[in-house]
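Quick look at protein-v1.cif (mmCIF, N, CA, C and O atoms):
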```cif
data_upload
#
loop_
_atom_site.group_PDB
_atom_site.id
_atom_site.type_symbol
_atom_site.label_atom_id
_atom_site.label_comp_id
_atom_site.auth_asym_id
_atom_site.auth_seq_id
_atom_site.Cartn_x
_atom_site.Cartn_y
_atom_site.Cartn_z
ATOM 1 N N MET A 669 17.917 0.255 -2.328
ATOM 2 C CA MET A 669 17.138 1.126 -1.460
ATOM 3 C C MET A 669 17.860 1.341 -0.141
ATOM 4 O O MET A 669 18.034 2.457 0.309
ATOM 5 N N THR A 670 18.288 0.268 0.508
ATOM 6 C CA THR A 670 18.940 0.413 1.802
ATOM 7 C C THR A 670 20.408 0.785 1.663
ATOM 8 O O THR A 670 21.052 1.077 2.657
ATOM 9 N N GLU A 671 20.943 0.802 0.433
ATOM 10 C CA GLU A 671 22.358 1.109 0.241
ATOM 11 C C GLU A 671 22.707 2.516 0.710
ATOM 12 O O GLU A 671 23.806 2.752 1.195
ATOM 13 N N ASN A 672 21.797 3.458 0.559
ATOM 14 C CA ASN A 672 22.065 4.851 0.910
ATOM 15 C C ASN A 672 21.782 5.147 2.383
ATOM 16 O O ASN A 672 22.186 6.178 2.885
ATOM 17 N N ILE A 673 21.111 4.244 3.049
ATOM 18 C CA ILE A 673 20.755 4.434 4.445
ATOM 19 C C ILE A 673 21.769 3.681 5.295
ATOM 20 O O ILE A 673 22.070 2.516 5.034
ATOM 21 N N GLN A 674 22.283 4.336 6.312
ATOM 22 C CA GLN A 674 23.298 3.694 7.149
ATOM 23 C C GLN A 674 22.706 2.999 8.373
ATOM 24 O O GLN A 674 23.236 2.003 8.838
ATOM 25 N N GLU A 675 21.582 3.534 8.871
ATOM 26 C CA GLU A 675 20.913 2.929 10.019
ATOM 27 C C GLU A 675 19.412 2.921 9.794
ATOM 28 O O GLU A 675 18.875 3.794 9.125
ATOM 29 N N ILE A 676 18.775 1.921 10.373
ATOM 30 C CA ILE A 676 17.317 1.841 10.336
ATOM 31 C C ILE A 676 16.816 1.660 11.760
ATOM 32 O O ILE A 676 17.565 1.250 12.646
ATOM 33 N N THR A 677 15.545 1.957 11.954
ATOM 34 C CA THR A 677 14.900 1.703 13.229
ATOM 35 C C THR A 677 13.808 0.677 12.985
ATOM 36 O O THR A 677 12.912 0.893 12.172
ATOM 37 N N PHE A 678 13.909 -0.435 13.682
ATOM 38 C CA PHE A 678 12.911 -1.497 13.580
ATOM 39 C C PHE A 678 12.505 -1.884 14.989
ATOM 40 O O PHE A 678 13.355 -2.217 15.823
ATOM 41 N N GLN A 679 11.209 -1.804 15.258
ATOM 42 C CA GLN A 679 10.654 -2.106 16.579
ATOM 43 C C GLN A 679 11.410 -1.368 17.682
ATOM 44 O O GLN A 679 11.871 -1.948 18.668
ATOM 45 N N ASP A 680 11.573 -0.068 17.475
ATOM 46 C CA ASP A 680 12.193 0.847 18.438
ATOM 47 C C ASP A 680 13.665 0.551 18.728
ATOM 48 O O ASP A 680 14.193 0.949 19.764
ATOM 49 N N LYS A 681 14.318 -0.144 17.827
ATOM 50 C CA LYS A 681 15.731 -0.441 18.011
ATOM 51 C C LYS A 681 16.495 -0.056 16.749
ATOM 52 O O LYS A 681 16.014 -0.261 15.637
ATOM 53 N N GLN A 682 17.687 0.532 16.941
ATOM 54 C CA GLN A 682 18.531 0.953 15.823
ATOM 55 C C GLN A 682 19.393 -0.216 15.332
ATOM 56 O O GLN A 682 19.923 -0.968 16.142
ATOM 57 N N TYR A 683 19.498 -0.315 14.006
ATOM 58 C CA TYR A 683 20.354 -1.333 13.400
ATOM 59 C C TYR A 683 21.194 -0.677 12.311
ATOM 60 O O TYR A 683 20.684 0.150 11.553
ATOM 61 N N LYS A 684 22.446 -1.065 12.226
ATOM 62 C CA LYS A 684 23.294 -0.623 11.125
ATOM 63 C C LYS A 684 23.003 -1.507 9.927
ATOM 64 O O LYS A 684 23.033 -2.737 10.039
ATOM 65 N N VAL A 685 22.716 -0.883 8.801
ATOM 66 C CA VAL A 685 22.386 -1.633 7.597
ATOM 67 C C VAL A 685 23.529 -2.558 7.211
ATOM 68 O O VAL A 685 23.311 -3.704 6.797
ATOM 69 N N ALA A 686 24.756 -2.103 7.391
ATOM 70 C CA ALA A 686 25.923 -2.917 7.033
ATOM 71 C C ALA A 686 25.970 -4.215 7.835
ATOM 72 O O ALA A 686 26.543 -5.209 7.363
ATOM 73 N N ASP A 687 25.361 -4.242 9.020
ATOM 74 C CA ASP A 687 25.373 -5.434 9.860
ATOM 75 C C ASP A 687 24.221 -6.389 9.578
ATOM 76 O O ASP A 687 24.186 -7.498 10.113
ATOM 77 N N LEU A 688 23.265 -5.969 8.745
ATOM 78 C CA LEU A 688 22.101 -6.803 8.462
ATOM 79 C C LEU A 688 22.420 -7.861 7.415
ATOM 80 O O LEU A 688 23.232 -7.637 6.512
ATOM 81 N N SER A 689 21.753 -8.988 7.512
ATOM 82 C CA SER A 689 21.876 -10.024 6.489
ATOM 83 C C SER A 689 21.187 -9.530 5.215
ATOM 84 O O SER A 689 20.383 -8.587 5.252
ATOM 85 N N GLU A 690 21.474 -10.191 4.118
ATOM 86 C CA GLU A 690 20.813 -9.825 2.857
ATOM 87 C C GLU A 690 19.303 -10.014 2.968
ATOM 88 O O GLU A 690 18.534 -9.205 2.469
ATOM 89 N N ARG A 691 18.900 -11.080 3.634
ATOM 90 C CA ARG A 691 17.465 -11.326 3.805
ATOM 91 C C ARG A 691 16.823 -10.216 4.631
ATOM 92 O O ARG A 691 15.715 -9.759 4.323
ATOM 93 N N ALA A 692 17.497 -9.779 5.685
ATOM 94 C CA ALA A 692 16.961 -8.682 6.505
ATOM 95 C C ALA A 692 16.855 -7.401 5.680
ATOM 96 O O ALA A 692 15.881 -6.652 5.809
ATOM 97 N N LYS A 693 17.836 -7.150 4.822
ATOM 98 C CA LYS A 693 17.782 -5.964 3.951
ATOM 99 C C LYS A 693 16.595 -6.033 3.000
ATOM 100 O O LYS A 693 15.902 -5.039 2.780
ATOM 101 N N VAL A 694 16.350 -7.225 2.454
ATOM 102 C CA VAL A 694 15.203 -7.402 1.545
ATOM 103 C C VAL A 694 13.904 -7.228 2.315
ATOM 104 O O VAL A 694 12.972 -6.553 1.842
ATOM 105 N N CYS A 695 13.831 -7.817 3.502
ATOM 106 C CA CYS A 695 12.629 -7.661 4.322
ATOM 107 C C CYS A 695 12.379 -6.193 4.634
ATOM 108 O O CYS A 695 11.240 -5.708 4.563
ATOM 109 N N TRP A 696 13.442 -5.470 4.974
ATOM 110 C CA TRP A 696 13.306 -4.045 5.278
ATOM 111 C C TRP A 696 12.793 -3.284 4.055
ATOM 112 O O TRP A 696 11.900 -2.437 4.168
ATOM 113 N N ALA A 697 13.342 -3.609 2.886
ATOM 114 C CA ALA A 697 12.895 -2.942 1.663
ATOM 115 C C ALA A 697 11.412 -3.214 1.422
ATOM 116 O O ALA A 697 10.660 -2.308 1.035
ATOM 117 N N HIS A 698 10.967 -4.439 1.683
ATOM 118 C CA HIS A 698 9.542 -4.766 1.544
ATOM 119 C C HIS A 698 8.708 -3.963 2.533
ATOM 120 O O HIS A 698 7.647 -3.427 2.176
ATOM 121 N N LEU A 699 9.172 -3.871 3.775
ATOM 122 C CA LEU A 699 8.425 -3.129 4.784
ATOM 123 C C LEU A 699 8.301 -1.651 4.425
ATOM 124 O O LEU A 699 7.236 -1.046 4.597
ATOM 125 N N VAL A 700 9.370 -1.083 3.916
ATOM 126 C CA VAL A 700 9.339 0.317 3.490
ATOM 127 C C VAL A 700 8.342 0.490 2.339
ATOM 128 O O VAL A 700 7.517 1.407 2.341
ATOM 129 N N ASP A 701 8.409 -0.411 1.361
ATOM 130 C CA ASP A 701 7.505 -0.331 0.214
ATOM 131 C C ASP A 701 6.052 -0.520 0.640
ATOM 132 O O ASP A 701 5.164 0.205 0.185
ATOM 133 N N LEU A 702 5.803 -1.476 1.521
ATOM 134 C CA LEU A 702 4.439 -1.701 2.001
ATOM 135 C C LEU A 702 3.902 -0.486 2.747
ATOM 136 O O LEU A 702 2.720 -0.139 2.620
ATOM 137 N N SER A 703 4.759 0.184 3.496
ATOM 138 C CA SER A 703 4.341 1.396 4.191
ATOM 139 C C SER A 703 3.935 2.482 3.196
ATOM 140 O O SER A 703 2.928 3.176 3.384
ATOM 141 N N LYS A 704 4.722 2.620 2.134
ATOM 142 C CA LYS A 704 4.387 3.599 1.093
ATOM 143 C C LYS A 704 3.070 3.247 0.415
ATOM 144 O O LYS A 704 2.234 4.127 0.168
ATOM 145 N N GLN A 705 2.873 1.959 0.120
ATOM 146 C CA GLN A 705 1.625 1.524 -0.511
ATOM 147 C C GLN A 705 0.429 1.793 0.404
ATOM 148 O O GLN A 705 -0.625 2.231 -0.060
ATOM 149 N N GLU A 706 0.608 1.520 1.689
ATOM 150 C CA GLU A 706 -0.463 1.761 2.653
ATOM 151 C C GLU A 706 -0.834 3.244 2.680
ATOM 152 O O GLU A 706 -2.018 3.602 2.678
ATOM 153 N N HIS A 707 0.176 4.098 2.692
ATOM 154 C CA HIS A 707 -0.076 5.544 2.695
ATOM 155 C C HIS A 707 -0.845 5.952 1.438
ATOM 156 O O HIS A 707 -1.817 6.717 1.513
ATOM 157 N N THR A 708 -0.422 5.438 0.289
ATOM 158 C CA THR A 708 -1.088 5.753 -0.977
ATOM 159 C C THR A 708 -2.539 5.293 -0.961
ATOM 160 O O THR A 708 -3.440 6.036 -1.382
ATOM 161 N N LEU A 709 -2.784 4.090 -0.474
ATOM 162 C CA LEU A 709 -4.156 3.576 -0.421
ATOM 163 C C LEU A 709 -5.027 4.384 0.528
ATOM 164 O O LEU A 709 -6.182 4.680 0.222
ATOM 165 N N ARG A 710 -4.469 4.757 1.682
ATOM 166 C CA ARG A 710 -5.248 5.582 2.620
ATOM 167 C C ARG A 710 -5.583 6.940 2.001
ATOM 168 O O ARG A 710 -6.676 7.463 2.173
ATOM 169 N N PHE A 711 -4.641 7.507 1.257
ATOM 170 C CA PHE A 711 -4.864 8.775 0.570
ATOM 171 C C PHE A 711 -5.989 8.621 -0.454
ATOM 172 O O PHE A 711 -6.890 9.465 -0.538
ATOM 173 N N LYS A 712 -5.964 7.534 -1.214
ATOM 174 C CA LYS A 712 -7.012 7.289 -2.207
ATOM 175 C C LYS A 712 -8.362 7.089 -1.537
ATOM 176 O O LYS A 712 -9.390 7.575 -2.029
ATOM 177 N N ILE A 713 -8.379 6.362 -0.415
ATOM 178 C CA ILE A 713 -9.634 6.165 0.311
ATOM 179 C C ILE A 713 -10.188 7.500 0.783
ATOM 180 O O ILE A 713 -11.397 7.752 0.687
ATOM 181 N N ASP A 714 -9.326 8.381 1.284
ATOM 182 C CA ASP A 714 -9.763 9.721 1.695
ATOM 183 C C ASP A 714 -10.395 10.459 0.520
ATOM 184 O O ASP A 714 -11.433 11.111 0.667
ATOM 185 N N GLN A 715 -9.777 10.366 -0.643
ATOM 186 C CA GLN A 715 -10.314 11.021 -1.836
ATOM 187 C C GLN A 715 -11.662 10.433 -2.226
ATOM 188 O O GLN A 715 -12.600 11.168 -2.569
ATOM 189 N N ILE A 716 -11.776 9.114 -2.179
ATOM 190 C CA ILE A 716 -13.030 8.448 -2.538
ATOM 191 C C ILE A 716 -14.139 8.845 -1.573
ATOM 192 O O ILE A 716 -15.264 9.149 -1.999
ATOM 193 N N GLU A 717 -13.831 8.857 -0.283
ATOM 194 C CA GLU A 717 -14.843 9.236 0.703
ATOM 195 C C GLU A 717 -15.299 10.676 0.507
ATOM 196 O O GLU A 717 -16.497 10.975 0.589
ATOM 197 N N ALA A 718 -14.364 11.577 0.233
ATOM 198 C CA ALA A 718 -14.723 12.983 -0.002
ATOM 199 C C ALA A 718 -15.577 13.108 -1.256
ATOM 200 O O ALA A 718 -16.566 13.854 -1.274
ATOM 201 N N SER A 719 -15.216 12.375 -2.295
ATOM 202 C CA SER A 719 -15.997 12.406 -3.535
ATOM 203 C C SER A 719 -17.390 11.856 -3.313
ATOM 204 O O SER A 719 -18.384 12.417 -3.807
ATOM 205 N N ARG A 720 -17.492 10.753 -2.575
ATOM 206 C CA ARG A 720 -18.800 10.165 -2.297
ATOM 207 C C ARG A 720 -19.682 11.145 -1.537
ATOM 208 O O ARG A 720 -20.875 11.301 -1.845
ATOM 209 N N GLU A 721 -19.119 11.828 -0.546
ATOM 210 C CA GLU A 721 -19.891 12.812 0.217
ATOM 211 C C GLU A 721 -20.391 13.931 -0.683
ATOM 212 O O GLU A 721 -21.553 14.345 -0.581
ATOM 213 N N THR A 722 -19.520 14.429 -1.556
ATOM 214 C CA THR A 722 -19.904 15.512 -2.461
ATOM 215 C C THR A 722 -20.995 15.059 -3.419
ATOM 216 O O THR A 722 -21.996 15.764 -3.621
ATOM 217 N N ILE A 723 -20.841 13.893 -4.005
ATOM 218 C CA ILE A 723 -21.831 13.401 -4.956
ATOM 219 C C ILE A 723 -23.147 13.090 -4.253
ATOM 220 O O ILE A 723 -24.225 13.341 -4.805
ATOM 221 N N THR A 724 -23.081 12.603 -3.027
ATOM 222 C CA THR A 724 -24.298 12.352 -2.252
ATOM 223 C C THR A 724 -25.055 13.658 -2.022
ATOM 224 O O THR A 724 -26.289 13.711 -2.161
ATOM 225 N N LYS A 725 -24.332 14.729 -1.697
ATOM 226 C CA LYS A 725 -24.972 16.037 -1.515
ATOM 227 C C LYS A 725 -25.626 16.511 -2.803
ATOM 228 O O LYS A 725 -26.744 17.029 -2.798
ATOM 229 N N HIS A 726 -24.939 16.320 -3.931
ATOM 230 C CA HIS A 726 -25.522 16.704 -5.224
ATOM 231 C C HIS A 726 -26.784 15.889 -5.497
ATOM 232 O O HIS A 726 -27.794 16.427 -5.975
ATOM 233 N N MET A 727 -26.755 14.605 -5.208
ATOM 234 C CA MET A 727 -27.922 13.749 -5.426
ATOM 235 C C MET A 727 -29.076 14.186 -4.550
ATOM 236 O O MET A 727 -30.220 14.273 -5.014
ATOM 237 N N GLU A 728 -28.796 14.498 -3.283
ATOM 238 C CA GLU A 728 -29.831 14.981 -2.386
ATOM 239 C C GLU A 728 -30.474 16.240 -2.906
ATOM 240 O O GLU A 728 -31.705 16.397 -2.878
ATOM 241 N N GLN A 729 -29.644 17.159 -3.413
ATOM 242 C CA GLN A 729 -30.167 18.407 -3.974
ATOM 243 C C GLN A 729 -31.061 18.132 -5.166
ATOM 244 O O GLN A 729 -32.120 18.742 -5.325
ATOM 245 N N GLU A 730 -30.655 17.214 -6.010
ATOM 246 C CA GLU A 730 -31.429 16.897 -7.221
ATOM 247 C C GLU A 730 -32.765 16.260 -6.899
ATOM 248 O O GLU A 730 -33.788 16.660 -7.448
ATOM 249 N N VAL A 731 -32.757 15.279 -6.006
ATOM 250 C CA VAL A 731 -34.030 14.606 -5.700
ATOM 251 C C VAL A 731 -34.965 15.505 -4.904
ATOM 252 O O VAL A 731 -36.187 15.423 -5.025
ATOM 253 N N ASN A 732 -34.403 16.406 -4.092
ATOM 254 C CA ASN A 732 -35.232 17.302 -3.306
ATOM 255 C C ASN A 732 -35.831 18.425 -4.142
ATOM 256 O O ASN A 732 -36.894 18.936 -3.835
ATOM 257 N N LYS A 733 -35.157 18.822 -5.218
ATOM 258 C CA LYS A 733 -35.706 19.908 -6.029
ATOM 259 C C LYS A 733 -36.835 19.408 -6.930
ATOM 260 O O LYS A 733 -37.662 20.181 -7.347
ATOM 261 N N ASN A 734 -36.885 18.120 -7.194
ATOM 262 C CA ASN A 734 -37.952 17.565 -8.037
ATOM 263 C C ASN A 734 -39.041 16.878 -7.234
ATOM 264 O O ASN A 734 -39.945 16.297 -7.798
ATOM 265 N N GLY A 735 -38.901 16.947 -5.960
ATOM 266 C CA GLY A 735 -40.007 16.495 -5.235
ATOM 267 C C GLY A 735 -40.060 15.479 -4.250
ATOM 268 O O GLY A 735 -40.928 14.991 -3.758
#
```
Let me see the structure of the file written as structure tokens.
Amino acid sequence: MTENIQEITFQDKQYKVADLSERAKVCWAHLVDLSKQEHTLRFKIDQIEASRETITKHMEQEVNKNG
């Protein structure tokens, strides 16, 4: 993952990937992956919330039409 990237920014500081230890490279790869996972989960939560709102509106319509 970091092989194609020449520099990274961590805590507002630039680092050359070639100068990082193997452990730092692995940590960076984990941080990148965790960021992607976080984005995916937030996207799913947005979808779930929108679906819940829509279904709640449908339920309100149904219970209100029957009384």
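Atom pair atom CA of A:Glu675 / atom CA of A:Val694: separated by 14.5 Å.
Between atom O of A:Trp696 and atom C of A:Ile713 the separation is 24.5 Å.
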Handout entry: Pairwise distance for atom N of A:Ile673 and atom N of A:Leu688, rounded to one decimal in Å
Key = 11.9 Å
Handout entry: Matched chain/residue IDs from the PyMOL selection byres (((chain A and resi 674 and name CA) around 12) and name CA), as a PyMOL selection string
Key = chain A and resi 669-673+675-677+682-688+693
Would you export the selected residues with N, CA, C and O atoms as a PDB file, in the coordinates of the input, please?
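out.pdb was written with the following content:
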```pdb
ATOM      1  N   MET A 669      17.917   0.255  -2.328  1.00  0.00           N
ATOM      2  CA  MET A 669      17.138   1.126  -1.460  1.00  0.00           C
ATOM      3  C   MET A 669      17.860   1.341  -0.141  1.00  0.00           C
ATOM      4  O   MET A 669      18.034   2.457   0.309  1.00  0.00           O
ATOM      5  N   THR A 670      18.288   0.268   0.508  1.00  0.00           N
ATOM      6  CA  THR A 670      18.940   0.413   1.802  1.00  0.00           C
ATOM      7  C   THR A 670      20.408   0.785   1.663  1.00  0.00           C
ATOM      8  O   THR A 670      21.052   1.077   2.657  1.00  0.00           O
ATOM      9  N   GLU A 671      20.943   0.802   0.433  1.00  0.00           N
ATOM     10  CA  GLU A 671      22.358   1.109   0.241  1.00  0.00           C
ATOM     11  C   GLU A 671      22.707   2.516   0.710  1.00  0.00           C
ATOM     12  O   GLU A 671      23.806   2.752   1.195  1.00  0.00           O
ATOM     13  N   ASN A 672      21.797   3.458   0.559  1.00  0.00           N
ATOM     14  CA  ASN A 672      22.065   4.851   0.910  1.00  0.00           C
ATOM     15  C   ASN A 672      21.782   5.147   2.383  1.00  0.00           C
ATOM     16  O   ASN A 672      22.186   6.178   2.885  1.00  0.00           O
ATOM     17  N   ILE A 673      21.111   4.244   3.049  1.00  0.00           N
ATOM     18  CA  ILE A 673      20.755   4.434   4.445  1.00  0.00           C
ATOM     19  C   ILE A 673      21.769   3.681   5.295  1.00  0.00           C
ATOM     20  O   ILE A 673      22.070   2.516   5.034  1.00  0.00           O
ATOM     21  N   GLU A 675      21.582   3.534   8.871  1.00  0.00           N
ATOM     22  CA  GLU A 675      20.913   2.929  10.019  1.00  0.00           C
ATOM     23  C   GLU A 675      19.412   2.921   9.794  1.00  0.00           C
ATOM     24  O   GLU A 675      18.875   3.794   9.125  1.00  0.00           O
ATOM     25  N   ILE A 676      18.775   1.921  10.373  1.00  0.00           N
ATOM     26  CA  ILE A 676      17.317   1.841  10.336  1.00  0.00           C
ATOM     27  C   ILE A 676      16.816   1.660  11.760  1.00  0.00           C
ATOM     28  O   ILE A 676      17.565   1.250  12.646  1.00  0.00           O
ATOM     29  N   THR A 677      15.545   1.957  11.954  1.00  0.00           N
ATOM     30  CA  THR A 677      14.900   1.703  13.229  1.00  0.00           C
ATOM     31  C   THR A 677      13.808   0.677  12.985  1.00  0.00           C
ATOM     32  O   THR A 677      12.912   0.893  12.172  1.00  0.00           O
ATOM     33  N   GLN A 682      17.687   0.532  16.941  1.00  0.00           N
ATOM     34  CA  GLN A 682      18.531   0.953  15.823  1.00  0.00           C
ATOM     35  C   GLN A 682      19.393  -0.216  15.332  1.00  0.00           C
ATOM     36  O   GLN A 682      19.923  -0.968  16.142  1.00  0.00           O
ATOM     37  N   TYR A 683      19.498  -0.315  14.006  1.00  0.00           N
ATOM     38  CA  TYR A 683      20.354  -1.333  13.400  1.00  0.00           C
ATOM     39  C   TYR A 683      21.194  -0.677  12.311  1.00  0.00           C
ATOM     40  O   TYR A 683      20.684   0.150  11.553  1.00  0.00           O
ATOM     41  N   LYS A 684      22.446  -1.065  12.226  1.00  0.00           N
ATOM     42  CA  LYS A 684      23.294  -0.623  11.125  1.00  0.00           C
ATOM     43  C   LYS A 684      23.003  -1.507   9.927  1.00  0.00           C
ATOM     44  O   LYS A 684      23.033  -2.737  10.039  1.00  0.00           O
ATOM     45  N   VAL A 685      22.716  -0.883   8.801  1.00  0.00           N
ATOM     46  CA  VAL A 685      22.386  -1.633   7.597  1.00  0.00           C
ATOM     47  C   VAL A 685      23.529  -2.558   7.211  1.00  0.00           C
ATOM     48  O   VAL A 685      23.311  -3.704   6.797  1.00  0.00           O
ATOM     49  N   ALA A 686      24.756  -2.103   7.391  1.00  0.00           N
ATOM     50  CA  ALA A 686      25.923  -2.917   7.033  1.00  0.00           C
ATOM     51  C   ALA A 686      25.970  -4.215   7.835  1.00  0.00           C
ATOM     52  O   ALA A 686      26.543  -5.209   7.363  1.00  0.00           O
ATOM     53  N   ASP A 687      25.361  -4.242   9.020  1.00  0.00           N
ATOM     54  CA  ASP A 687      25.373  -5.434   9.860  1.00  0.00           C
ATOM     55  C   ASP A 687      24.221  -6.389   9.578  1.00  0.00           C
ATOM     56  O   ASP A 687      24.186  -7.498  10.113  1.00  0.00           O
ATOM     57  N   LEU A 688      23.265  -5.969   8.745  1.00  0.00           N
ATOM     58  CA  LEU A 688      22.101  -6.803   8.462  1.00  0.00           C
ATOM     59  C   LEU A 688      22.420  -7.861   7.415  1.00  0.00           C
ATOM     60  O   LEU A 688      23.232  -7.637   6.512  1.00  0.00           O
ATOM     61  N   LYS A 693      17.836  -7.150   4.822  1.00  0.00           N
ATOM     62  CA  LYS A 693      17.782  -5.964   3.951  1.00  0.00           C
ATOM     63  C   LYS A 693      16.595  -6.033   3.000  1.00  0.00           C
ATOM     64  O   LYS A 693      15.902  -5.039   2.780  1.00  0.00           O
TER      65      LYS A 693
END
```
Exercise for the section: Identify all residues of chain A in helix (DSSP H, G or I) (DSSP on the backbone) and supply them as a PyMOL selection string. Expected result: chain A and resi 670-672+685-687+690-733
